[in-house]
$ cat data-v3.pdb   # PDB, C-alpha atoms
ATOM      1  CA  MET A   1      87.859  89.743 127.037
ATOM      2  CA  LYS A   2      91.387  90.094 128.451
ATOM      3  CA  HIS A   3      92.127  86.440 127.774
ATOM      4  CA  SER A   4      90.725  86.614 124.241
ATOM      5  CA  LEU A   5      92.952  89.593 123.404
ATOM      6  CA  VAL A   6      96.008  87.776 124.739
ATOM      7  CA  LEU A   7      95.080  84.724 122.689
ATOM      8  CA  PHE A   8      94.673  86.921 119.604
ATOM      9  CA  VAL A   9      98.161  88.376 120.042
ATOM     10  CA  LEU A  10      99.712  84.944 120.505
ATOM     11  CA  VAL A  11      98.003  83.554 117.429
ATOM     12  CA  PHE A  12      98.693  86.682 115.433
ATOM     13  CA  PHE A  13     102.416  86.544 116.041
ATOM     14  CA  THR A  14     103.221  82.826 116.171
ATOM     15  CA  GLN A  15     100.932  80.807 113.932
ATOM     16  CA  PHE A  16     101.439  79.432 110.422
ATOM     17  CA  GLY A  17     104.491  79.510 108.155
ATOM     18  CA  TRP A  18     107.150  82.112 107.603
ATOM     19  CA  ALA A  19     106.665  84.958 105.120
ATOM     20  CA  GLN A  20     108.064  88.343 104.239
ATOM     21  CA  GLU A  21     106.626  91.266 106.161
ATOM     22  CA  LEU A  22     104.823  93.275 103.490
ATOM     23  CA  GLN A  23     101.926  92.507 101.230
ATOM     24  CA  ALA A  24     102.557  95.490  98.969
ATOM     25  CA  THR A  25     100.666  96.539  95.865
ATOM     26  CA  VAL A  26     102.626  98.799  93.533
ATOM     27  CA  SER A  27     101.050 101.022  90.883
ATOM     28  CA  ILE A  28     103.043 103.125  88.427
ATOM     29  CA  ASN A  29     101.235 105.946  86.613
ATOM     30  CA  TYR A  30     103.150 107.440  83.673
ATOM     31  CA  GLN A  31     100.347 109.226  81.802
ATOM     32  CA  GLN A  32     102.182 112.544  82.087
ATOM     33  CA  VAL A  33     105.203 111.111  80.264
ATOM     34  CA  SER A  34     105.152 111.368  76.487
ATOM     35  CA  ASN A  35     108.506 109.645  75.907
ATOM     36  CA  GLY A  36     109.706 106.274  77.066
ATOM     37  CA  ASN A  37     108.765 102.719  76.257
ATOM     38  CA  PRO A  38     105.702 101.481  78.209
ATOM     39  CA  GLN A  39     107.627  98.285  78.875
ATOM     40  CA  LEU A  40     110.155 100.329  80.852
ATOM     41  CA  PHE A  41     107.458 101.458  83.274
ATOM     42  CA  ALA A  42     106.022  97.946  83.453
ATOM     43  CA  ASN A  43     109.448  96.624  84.440
ATOM     44  CA  LEU A  44     109.859  99.425  86.976
ATOM     45  CA  GLU A  45     106.551  98.431  88.565
ATOM     46  CA  LYS A  46     107.529  94.752  88.589
ATOM     47  CA  GLN A  47     110.954  95.342  90.120
ATOM     48  CA  VAL A  48     109.632  97.674  92.820
ATOM     49  CA  ASN A  49     106.924  95.148  93.646
ATOM     50  CA  GLU A  50     109.439  92.318  93.940
ATOM     51  CA  PHE A  51     111.814  94.459  96.001
ATOM     52  CA  LEU A  52     109.165  95.398  98.552
ATOM     53  CA  ASN A  53     107.606  91.951  98.815
ATOM     54  CA  THR A  54     110.708  89.749  98.822
ATOM     55  CA  THR A  55     113.154  91.789 100.919
ATOM     56  CA  LYS A  56     113.493  90.523 104.493
ATOM     57  CA  TRP A  57     112.901  93.754 106.428
ATOM     58  CA  THR A  58     112.994  92.443 109.997
ATOM     59  CA  ASP A  59     114.608  89.750 112.102
ATOM     60  CA  ARG A  60     111.190  88.426 113.087
ATOM     61  CA  GLN A  61     109.321  85.433 111.728
ATOM     62  CA  PHE A  62     106.226  86.810 110.019
ATOM     63  CA  ASN A  63     103.404  84.599 108.809
ATOM     64  CA  ASP A  64     100.768  85.100 106.148
ATOM     65  CA  ILE A  65      98.057  86.464 108.427
ATOM     66  CA  GLU A  66     100.327  89.160 109.871
ATOM     67  CA  LYS A  67     101.658  90.478 106.569
ATOM     68  CA  ILE A  68     101.118  94.222 106.457
ATOM     69  CA  THR A  69      98.833  95.311 103.646
ATOM     70  CA  CYS A  70     100.202  98.417 101.951
ATOM     71  CA  ASN A  71     100.061 100.371  98.703
ATOM     72  CA  PHE A  72     102.720 102.328  96.861
ATOM     73  CA  PHE A  73     101.355 104.678  94.184
ATOM     74  CA  ILE A  74     104.158 106.189  92.083
ATOM     75  CA  ASN A  75     103.177 108.971  89.702
ATOM     76  CA  ILE A  76     105.889 109.673  87.116
ATOM     77  CA  THR A  77     105.887 113.334  86.072
ATOM     78  CA  SER A  78     108.940 113.315  83.793
ATOM     79  CA  TYR A  79     111.554 110.932  82.437
ATOM     80  CA  ASN A  80     114.867 111.461  80.671
ATOM     81  CA  SER A  81     117.822 109.111  80.218
ATOM     82  CA  ASN A  82     116.979 106.780  83.116
ATOM     83  CA  ASN A  83     116.230 109.724  85.420
ATOM     84  CA  PHE A  84     112.710 109.982  86.800
ATOM     85  CA  GLU A  85     110.812 112.767  88.545
ATOM     86  CA  ALA A  86     107.804 111.519  90.479
ATOM     87  CA  THR A  87     105.613 111.621  93.542
ATOM     88  CA  ILE A  88     104.899 108.646  95.775
ATOM     89  CA  GLN A  89     101.850 108.015  97.929
ATOM     90  CA  VAL A  90     102.263 105.358 100.597
ATOM     91  CA  GLN A  91      99.365 103.763 102.446
ATOM     92  CA  SER A  92      99.111 100.914 104.923
ATOM     93  CA  SER A  93      96.437  99.346 107.113
ATOM     94  CA  ARG A  94      96.139  96.759 109.865
ATOM     95  CA  PRO A  95      93.349  94.329 110.794
ATOM     96  CA  ILE A  96      90.880  95.064 113.586
ATOM     97  CA  PHE A  97      90.531  92.274 116.136
ATOM     98  CA  ASN A  98      87.492  90.018 115.751
ATOM     99  CA  SER A  99      86.381  91.883 112.652
ATOM    100  CA  THR A 100      86.539  91.725 108.863
ATOM    101  CA  PHE A 101      87.536  95.395 108.769
ATOM    102  CA  SER A 102      90.937  97.045 108.651
ATOM    103  CA  ALA A 103      92.133 100.423 109.895
ATOM    104  CA  PRO A 104      94.382 102.842 107.979
ATOM    105  CA  ILE A 105      97.739 103.467 109.633
ATOM    106  CA  VAL A 106      99.834 105.350 107.063
ATOM    107  CA  ASN A 107      98.673 107.721 104.338
ATOM    108  CA  ILE A 108     101.572 109.880 103.147
ATOM    109  CA  ASN A 109     101.964 111.753  99.868
ATOM    110  CA  ASP A 110     105.655 112.434  99.256
ATOM    111  CA  LYS A 111     106.238 114.962  96.478
ATOM    112  CA  ASN A 112     110.051 114.965  96.717
ATOM    113  CA  PHE A 113     110.795 111.785  94.807
ATOM    114  CA  SER A 114     113.347 111.636  92.018
ATOM    115  CA  PHE A 115     115.462 108.619  91.160
ATOM    116  CA  ARG A 116     117.562 106.838  88.582
ATOM    117  CA  PHE A 117     116.393 103.471  87.324
ATOM    118  CA  ILE A 118     118.048 101.098  84.858
ATOM    119  CA  GLU A 119     116.006  98.109  83.757
ATOM    120  CA  PHE A 120     116.987  94.770  85.293
ATOM    121  CA  GLU A 121     119.705  96.345  87.439
ATOM    122  CA  ALA A 122     119.630  94.714  90.880
ATOM    123  CA  MET A 123     117.988  96.732  93.655
ATOM    124  CA  VAL A 124     120.312  96.181  96.612
ATOM    125  CA  TYR A 125     119.205  97.162 100.118
ATOM    126  CA  ASP A 126     121.749  98.030 102.788
ATOM    127  CA  GLN A 127     120.554 100.392 105.502
ATOM    128  CA  ASN A 128     124.132 101.538 106.083
ATOM    129  CA  SER A 129     124.936 102.595 102.522
ATOM    130  CA  PHE A 130     123.314 104.704  99.820
ATOM    131  CA  ASN A 131     123.022 102.703  96.593
ATOM    132  CA  SER A 132     120.170 104.532  94.885
ATOM    133  CA  ASN A 133     117.480 106.991  95.842
ATOM    134  CA  LEU A 134     114.791 104.605  94.628
ATOM    135  CA  VAL A 135     116.005 101.887  97.005
ATOM    136  CA  SER A 136     116.481 104.293  99.916
ATOM    137  CA  VAL A 137     113.004 105.845  99.613
ATOM    138  CA  LEU A 138     111.312 102.451  99.332
ATOM    139  CA  ALA A 139     113.324 101.048 102.249
ATOM    140  CA  TYR A 140     112.553 104.113 104.352
ATOM    141  CA  TYR A 141     108.810 103.712 103.855
ATOM    142  CA  ALA A 142     108.926  99.935 104.308
ATOM    143  CA  ASN A 143     110.526 100.370 107.740
ATOM    144  CA  LEU A 144     108.227 103.271 108.583
ATOM    145  CA  ILE A 145     105.183 101.122 107.759
ATOM    146  CA  ILE A 146     106.467  98.238 109.875
ATOM    147  CA  GLY A 147     107.375 100.493 112.789
ATOM    148  CA  MET A 148     104.052 102.329 112.839
ATOM    149  CA  ASP A 149     102.138  99.073 112.456
ATOM    150  CA  MET A 150     103.953  97.612 115.482
ATOM    151  CA  ASP A 151     103.252 100.802 117.446
ATOM    152  CA  SER A 152      99.545 100.141 116.973
ATOM    153  CA  PHE A 153      99.841  96.742 118.693
ATOM    154  CA  ALA A 154     102.241  97.602 121.521
ATOM    155  CA  LEU A 155     103.279 100.891 123.094
ATOM    156  CA  LYS A 156     106.448 102.017 121.278
ATOM    157  CA  GLY A 157     106.553  98.541 119.749
ATOM    158  CA  GLY A 158     108.003  99.761 116.459
ATOM    159  CA  THR A 159     110.992 101.667 117.857
ATOM    160  CA  LYS A 160     113.582  99.369 116.267
ATOM    161  CA  TYR A 161     112.233  99.793 112.747
ATOM    162  CA  LEU A 162     111.602 103.503 113.089
ATOM    163  CA  GLY A 163     115.252 103.641 114.152
ATOM    164  CA  ILE A 164     116.250 101.860 110.943
ATOM    165  CA  ALA A 165     114.226 104.392 108.939
ATOM    166  CA  SER A 166     116.090 107.141 110.799
ATOM    167  CA  ASN A 167     119.415 105.533 109.898
ATOM    168  CA  ILE A 168     118.393 105.426 106.226
ATOM    169  CA  VAL A 169     117.730 109.169 106.458
ATOM    170  CA  ASN A 170     121.130 109.807 108.016
ATOM    171  CA  VAL A 171     122.909 107.859 105.273
ATOM    172  CA  ALA A 172     120.909 109.472 102.440
ATOM    173  CA  GLU A 173     121.072 113.023 103.796
ATOM    174  CA  THR A 174     124.236 113.909 101.854
ATOM    175  CA  SER A 175     123.078 112.273  98.610
ATOM    176  CA  GLY A 176     121.810 115.534  97.134
ATOM    177  CA  TYR A 177     118.317 114.170  96.575
ATOM    178  CA  LYS A 178     115.397 116.114  98.008
ATOM    179  CA  GLY A 179     113.406 114.887 100.988
ATOM    180  CA  TRP A 180     116.279 113.795 103.221
ATOM    181  CA  SER A 181     117.561 117.019 104.787
ATOM    182  CA  GLN A 182     116.222 119.385 107.439
ATOM    183  CA  THR A 183     117.842 122.297 105.591
ATOM    184  CA  GLU A 184     115.443 122.250 102.651
ATOM    185  CA  GLY A 185     113.273 125.081 103.980
ATOM    186  CA  THR A 186     110.322 122.834 104.793
ATOM    187  CA  ASN A 187     109.294 120.859 107.874
ATOM    188  CA  ASN A 188     107.391 118.349 105.780
ATOM    189  CA  ASN A 189     109.802 115.729 104.517
ATOM    190  CA  ARG A 190     111.144 112.279 105.392
ATOM    191  CA  ASN A 191     113.768 113.659 107.759
ATOM    192  CA  PHE A 192     111.333 115.698 109.854
ATOM    193  CA  LEU A 193     108.764 112.900 109.942
ATOM    194  CA  ILE A 194     111.090 110.271 111.376
ATOM    195  CA  SER A 195     112.805 112.749 113.709
ATOM    196  CA  ASP A 196     109.438 113.698 115.170
ATOM    197  CA  LEU A 197     108.347 110.076 115.521
ATOM    198  CA  LEU A 198     111.424 109.269 117.599
ATOM    199  CA  SER A 199     111.400 112.491 119.618
ATOM    200  CA  ALA A 200     110.304 112.453 123.255
ATOM    201  CA  THR A 201     108.386 115.652 122.523
ATOM    202  CA  PHE A 202     106.056 113.731 120.249
ATOM    203  CA  LEU A 203     105.653 110.578 122.349
ATOM    204  CA  PRO A 204     101.909 111.418 122.742
ATOM    205  CA  TYR A 205     101.516 110.585 119.033
ATOM    206  CA  ARG A 206     102.836 107.062 119.469
ATOM    207  CA  THR A 207     100.895 106.618 122.709
ATOM    208  CA  ALA A 208      97.733 107.747 120.920
ATOM    209  CA  MET A 209      98.329 105.257 118.097
ATOM    210  CA  TYR A 210      98.443 102.429 120.647
ATOM    211  CA  GLN A 211      95.404 103.683 122.571
ATOM    212  CA  TYR A 212      93.395 104.259 119.402
ATOM    213  CA  HIS A 213      94.019 100.827 117.891
ATOM    214  CA  ARG A 214      94.770  98.346 120.667
ATOM    215  CA  LEU A 215      92.564  99.801 123.383
ATOM    216  CA  GLY A 216      89.954 101.258 121.047
ATOM    217  CA  LEU A 217      89.355  99.578 117.701
ATOM    218  CA  ASP A 218      90.380  96.100 118.861
ATOM    219  CA  THR A 219      87.720  96.145 121.607
ATOM    220  CA  MET A 220      84.816  97.210 119.394
ATOM    221  CA  ALA A 221      83.385  93.730 119.004
ATOM    222  CA  ASP A 222      82.952  93.430 122.789
ATOM    223  CA  ASP A 223      81.903  96.890 123.919
ATOM    224  CA  LEU A 224      81.369  99.546 121.260
ATOM    225  CA  LEU A 225      80.697 102.375 123.698
ATOM    226  CA  LYS A 226      83.824 101.600 125.722
ATOM    227  CA  SER A 227      85.780 101.397 122.484
ATOM    228  CA  LYS A 228      84.562 104.828 121.399
ATOM    229  CA  GLU A 229      85.529 106.256 124.776
ATOM    230  CA  ALA A 230      89.048 104.809 124.414
ATOM    231  CA  ILE A 231      89.382 106.342 120.951
ATOM    232  CA  ALA A 232      88.222 109.706 122.309
ATOM    233  CA  THR A 233      90.889 109.383 125.007
ATOM    234  CA  SER A 234      93.533 108.696 122.356
ATOM    235  CA  ILE A 235      92.581 111.905 120.557
ATOM    236  CA  SER A 236      92.932 113.806 123.841
ATOM    237  CA  THR A 237      96.403 112.247 124.189
ATOM    238  CA  LEU A 238      97.276 113.373 120.663
ATOM    239  CA  ALA A 239      96.127 116.897 121.547
ATOM    240  CA  GLU A 240      99.004 117.162 124.042
ATOM    241  CA  ILE A 241     101.271 117.783 121.044
ATOM    242  CA  GLN A 242      99.277 120.925 120.223
ATOM    243  CA  LYS A 243     100.529 122.531 123.427
ATOM    244  CA  VAL A 244     104.153 122.392 122.307
ATOM    245  CA  ARG A 245     103.904 122.250 118.503
ATOM    246  CA  PRO A 246     100.664 123.573 116.960
ATOM    247  CA  ASN A 247      99.853 122.181 113.518
ATOM    248  CA  SER A 248     102.623 119.616 113.799
ATOM    249  CA  LEU A 249     103.554 117.299 110.941
ATOM    250  CA  LEU A 250     102.597 114.240 113.009
ATOM    251  CA  ALA A 251      99.142 115.607 113.812
ATOM    252  CA  ARG A 252      98.554 116.248 110.112
ATOM    253  CA  THR A 253      99.859 112.772 109.301
ATOM    254  CA  PHE A 254      97.472 111.242 111.848
ATOM    255  CA  PHE A 255      94.398 112.954 110.449
ATOM    256  CA  ASP A 256      95.382 112.357 106.821
ATOM    257  CA  ALA A 257      94.982 108.675 107.657
ATOM    258  CA  LYS A 258      92.227 108.827 110.269
ATOM    259  CA  ALA A 259      89.786 111.704 109.651
ATOM    260  CA  ASP A 260      87.195 109.725 107.691
ATOM    261  CA  GLU A 261      87.459 106.762 110.044
ATOM    262  CA  ILE A 262      86.914 108.973 113.103
ATOM    263  CA  VAL A 263      83.775 110.429 111.562
ATOM    264  CA  SER A 264      82.385 106.970 110.777
ATOM    265  CA  ILE A 265      83.070 105.779 114.337
ATOM    266  CA  PHE A 266      81.416 108.693 116.152
ATOM    267  CA  ALA A 267      78.599 109.392 113.713
ATOM    268  CA  GLU A 268      77.086 105.944 114.317
ATOM    269  CA  GLY A 269      76.547 103.398 117.102
ATOM    270  CA  PRO A 270      75.784 104.029 120.770
ATOM    271  CA  ARG A 271      75.572 107.694 121.672
ATOM    272  CA  MET A 272      78.068 109.416 123.925
ATOM    273  CA  ASP A 273      78.724 113.011 124.879
ATOM    274  CA  ASN A 274      80.945 114.191 122.032
ATOM    275  CA  ALA A 275      81.188 117.855 123.048
ATOM    276  CA  LYS A 276      84.747 117.616 124.397
ATOM    277  CA  LEU A 277      85.818 115.394 121.530
ATOM    278  CA  LEU A 278      84.478 117.846 118.951
ATOM    279  CA  GLU A 279      86.180 120.785 120.658
ATOM    280  CA  THR A 280      89.478 118.884 120.625
ATOM    281  CA  LEU A 281      89.148 117.839 116.987
ATOM    282  CA  GLN A 282      88.276 121.368 115.848
ATOM    283  CA  ARG A 283      91.247 122.753 117.754
ATOM    284  CA  ILE A 284      93.933 120.333 116.604
ATOM    285  CA  SER A 285      92.677 119.685 113.064
ATOM    286  CA  PRO A 286      90.669 122.709 111.842
ATOM    287  CA  LEU A 287      91.279 121.741 108.209
ATOM    288  CA  ASN A 288      88.866 118.841 108.743
ATOM    289  CA  SER A 289      86.167 120.993 110.364
ATOM    290  CA  GLN A 290      83.553 120.112 107.745
ATOM    291  CA  LYS A 291      84.090 116.422 108.506
ATOM    292  CA  TRP A 292      83.867 116.993 112.264
ATOM    293  CA  ASN A 293      80.497 118.705 111.755
ATOM    294  CA  LYS A 294      79.095 115.292 110.801
ATOM    295  CA  ILE A 295      79.710 114.051 114.348
ATOM    296  CA  ARG A 296      76.757 114.581 116.682
TER     297      ARG A 296
END
$ encode --input "data-v3.pdb" --output "structure tokens"
Amino acid sequence: MKHSLVLFVLVFFTQFGWAQELQATVSINYQQVSNGNPQLFANLEKQVNEFLNTTKWTDRQFNDIEKITCNFFINITSYNSNNFEATIQVQSSRPIFNSTFSAPIVNINDKNFSFRFIEFEAMVYDQNSFNSNLVSVLAYYANLIIGMDMDSFALKGGTKYLGIASNIVNVAETSGYKGWSQTEGTNNNRNFLISDLLSATFLPYRTAMYQYHRLGLDTMADDLLKSKEAIATSISTLAEIQKVRPNSLLARTFFDAKADEIVSIFAEGPRMDNAKLLETLQRISPLNSQKWNKIR
């Protein structure tokens, strides 16, 4: 098994031709907007799609099989003179070794998303300068997706790209747009999320992501019971955050992506003693208590 996992990693990261890092699907919903030409929103969707899928986000050589599958759902709530108010939901997933299944990594609904967009104007990405809020938000989430995906394959493997996301926050913080500052009276925005991800206080989150995926999901094809035990261990690791920061943003982010998957894993397959797991889940994510009740 050890040799097969090593072989998988080597193949996964070195085979085939070069490609950009993201395989992003972009959807623009403008049903709440009564003004504006539909072609404007179609062009917005096209340009965002091209920006995400053709920008070179890393200095690595990605190939087709390691492209990160992700979705960007942008819901336009109002539009006036090239100024848009919207929300953006960002999702990503990664493949599970020796399986046709994939596992969700990111599932974030960002409600602080306003931007200016002029048709056919170039979308220029520079992590060290603020050119537009649309570009900065998309670049932030692109790097966040890449960083968290890499964390699931290697312990703290995505540090470089989470650092880039943090730099984007620092540059955008004085732009006046919402979502970038820690002074907005909320602990649930882009600034807090990336600060927590890079904080030593919340290292158990990143450790748990590695344990859950690399030591848990990726071993399912060989030993399902052992895999379930590793995933249970990862949830115990995540629970360490509860001791210092109850109801943390990262814990909520984890379960927004993982709650349904956890239920499906532990509600089926070989039986194990889930008493401690259930107690931990109920304690650190009580909002999902009805889902946890499906685990026996």
$ residues_around --input "data-v3.pdb" --residues "Val135 in chain A" --least-positions-apart "5" --cutoff "8 Å" --atoms "all atoms listed in the file" --output "list in words"
Met123, Val124 and Tyr125 of chain A
$ residues_around --input "data-v3.pdb" --residues "Glu21 in chain A" --least-positions-apart "2" --cutoff "8 Å" --atoms "all atoms listed in the file" --output "ChimeraX atom specification"
/A:19,23,53,56-58,62-63,66-68,146
$ atom_distance --input "data-v3.pdb" --atom1 "CA of Phe202 in chain A" --atom2 "CA of Ala267 in chain A"
28.6 Å
$ closest_residue --input "data-v3.pdb" --among "A:Tyr205, A:Tyr30, A:Phe97, A:Phe153" --to "Leu217 in chain A" --atoms "all atoms listed in the file"
A:Phe97
$ atom_distance --input "data-v3.pdb" --atom1 "CA of Asn143 in chain A" --atom2 "CA of Ala172 in chain A"
14.8 Å
$ residues_around --input "data-v3.pdb" --residues "Leu277 in chain A" --least-positions-apart "4" --cutoff "8 Å" --atoms "all atoms listed in the file" --output "list in words"
Ala232, Ile235, Ser236 and Leu281 of chain A
$ closest_residue --input "data-v3.pdb" --among "A:Phe51, A:Phe254, A:Tyr210, A:Phe113" --to "Asp149 in chain A" --atoms "only C-alpha atoms"
A:Tyr210
$ decode --input "data-v3.pdb" --residues "range 214-232 of chain A" --atoms "N, CA and C atoms" --output "mmCIF file, in the first residue's frame"
data_model
loop_
_atom_site.group_PDB
_atom_site.id
_atom_site.type_symbol
_atom_site.label_atom_id
_atom_site.label_comp_id
_atom_site.auth_asym_id
_atom_site.auth_seq_id
_atom_site.Cartn_x
_atom_site.Cartn_y
_atom_site.Cartn_z
ATOM 1 N N ARG A 214 -5.497 12.502 3.100
ATOM 2 C CA ARG A 214 -4.371 11.667 2.673
ATOM 3 C C ARG A 214 -4.313 10.353 3.445
ATOM 4 N N LEU A 215 -4.549 10.442 4.765
ATOM 5 C CA LEU A 215 -4.465 9.247 5.587
ATOM 6 C C LEU A 215 -5.806 8.534 5.711
ATOM 7 N N GLY A 216 -6.885 9.239 5.388
ATOM 8 C CA GLY A 216 -8.213 8.664 5.508
ATOM 9 C C GLY A 216 -8.822 8.288 4.172
ATOM 10 N N LEU A 217 -9.336 9.254 3.457
ATOM 11 C CA LEU A 217 -10.042 8.970 2.201
ATOM 12 C C LEU A 217 -9.178 8.226 1.189
ATOM 13 N N ASP A 218 -7.908 8.606 1.075
ATOM 14 C CA ASP A 218 -7.055 7.991 0.052
ATOM 15 C C ASP A 218 -6.692 6.543 0.359
ATOM 16 N N THR A 219 -7.023 6.051 1.547
ATOM 17 C CA THR A 219 -6.733 4.650 1.884
ATOM 18 C C THR A 219 -7.989 3.784 1.885
ATOM 19 N N MET A 220 -9.115 4.354 1.506
ATOM 20 C CA MET A 220 -10.383 3.624 1.583
ATOM 21 C C MET A 220 -10.405 2.370 0.727
ATOM 22 N N ALA A 221 -9.798 2.442 -0.435
ATOM 23 C CA ALA A 221 -9.846 1.297 -1.350
ATOM 24 C C ALA A 221 -9.113 0.090 -0.784
ATOM 25 N N ASP A 222 -8.185 0.301 0.144
ATOM 26 C CA ASP A 222 -7.389 -0.796 0.696
ATOM 27 C C ASP A 222 -7.919 -1.317 2.022
ATOM 28 N N ASP A 223 -8.380 -0.407 2.877
ATOM 29 C CA ASP A 223 -8.830 -0.826 4.200
ATOM 30 C C ASP A 223 -9.853 0.195 4.701
ATOM 31 N N LEU A 224 -11.118 -0.081 4.465
ATOM 32 C CA LEU A 224 -12.169 0.888 4.767
ATOM 33 C C LEU A 224 -12.268 1.178 6.255
ATOM 34 N N LEU A 225 -12.129 0.148 7.084
ATOM 35 C CA LEU A 225 -12.215 0.367 8.525
ATOM 36 C C LEU A 225 -11.065 1.246 9.011
ATOM 37 N N LYS A 226 -9.855 0.954 8.547
ATOM 38 C CA LYS A 226 -8.701 1.766 8.932
ATOM 39 C C LYS A 226 -8.867 3.202 8.447
ATOM 40 N N SER A 227 -9.433 3.349 7.263
ATOM 41 C CA SER A 227 -9.685 4.681 6.721
ATOM 42 C C SER A 227 -10.661 5.461 7.599
ATOM 43 N N LYS A 228 -11.726 4.799 8.023
ATOM 44 C CA LYS A 228 -12.708 5.453 8.888
ATOM 45 C C LYS A 228 -12.077 5.848 10.229
ATOM 46 N N GLU A 229 -11.213 5.023 10.732
ATOM 47 C CA GLU A 229 -10.533 5.339 11.992
ATOM 48 C C GLU A 229 -9.632 6.565 11.822
ATOM 49 N N ALA A 230 -8.960 6.671 10.672
ATOM 50 C CA ALA A 230 -8.099 7.827 10.413
ATOM 51 C C ALA A 230 -8.926 9.106 10.296
ATOM 52 N N ILE A 231 -10.092 9.001 9.677
ATOM 53 C CA ILE A 231 -10.966 10.170 9.551
ATOM 54 C C ILE A 231 -11.492 10.588 10.919
ATOM 55 N N ALA A 232 -11.839 9.610 11.754
ATOM 56 C CA ALA A 232 -12.271 9.916 13.120
ATOM 57 C C ALA A 232 -11.151 10.618 13.889
#
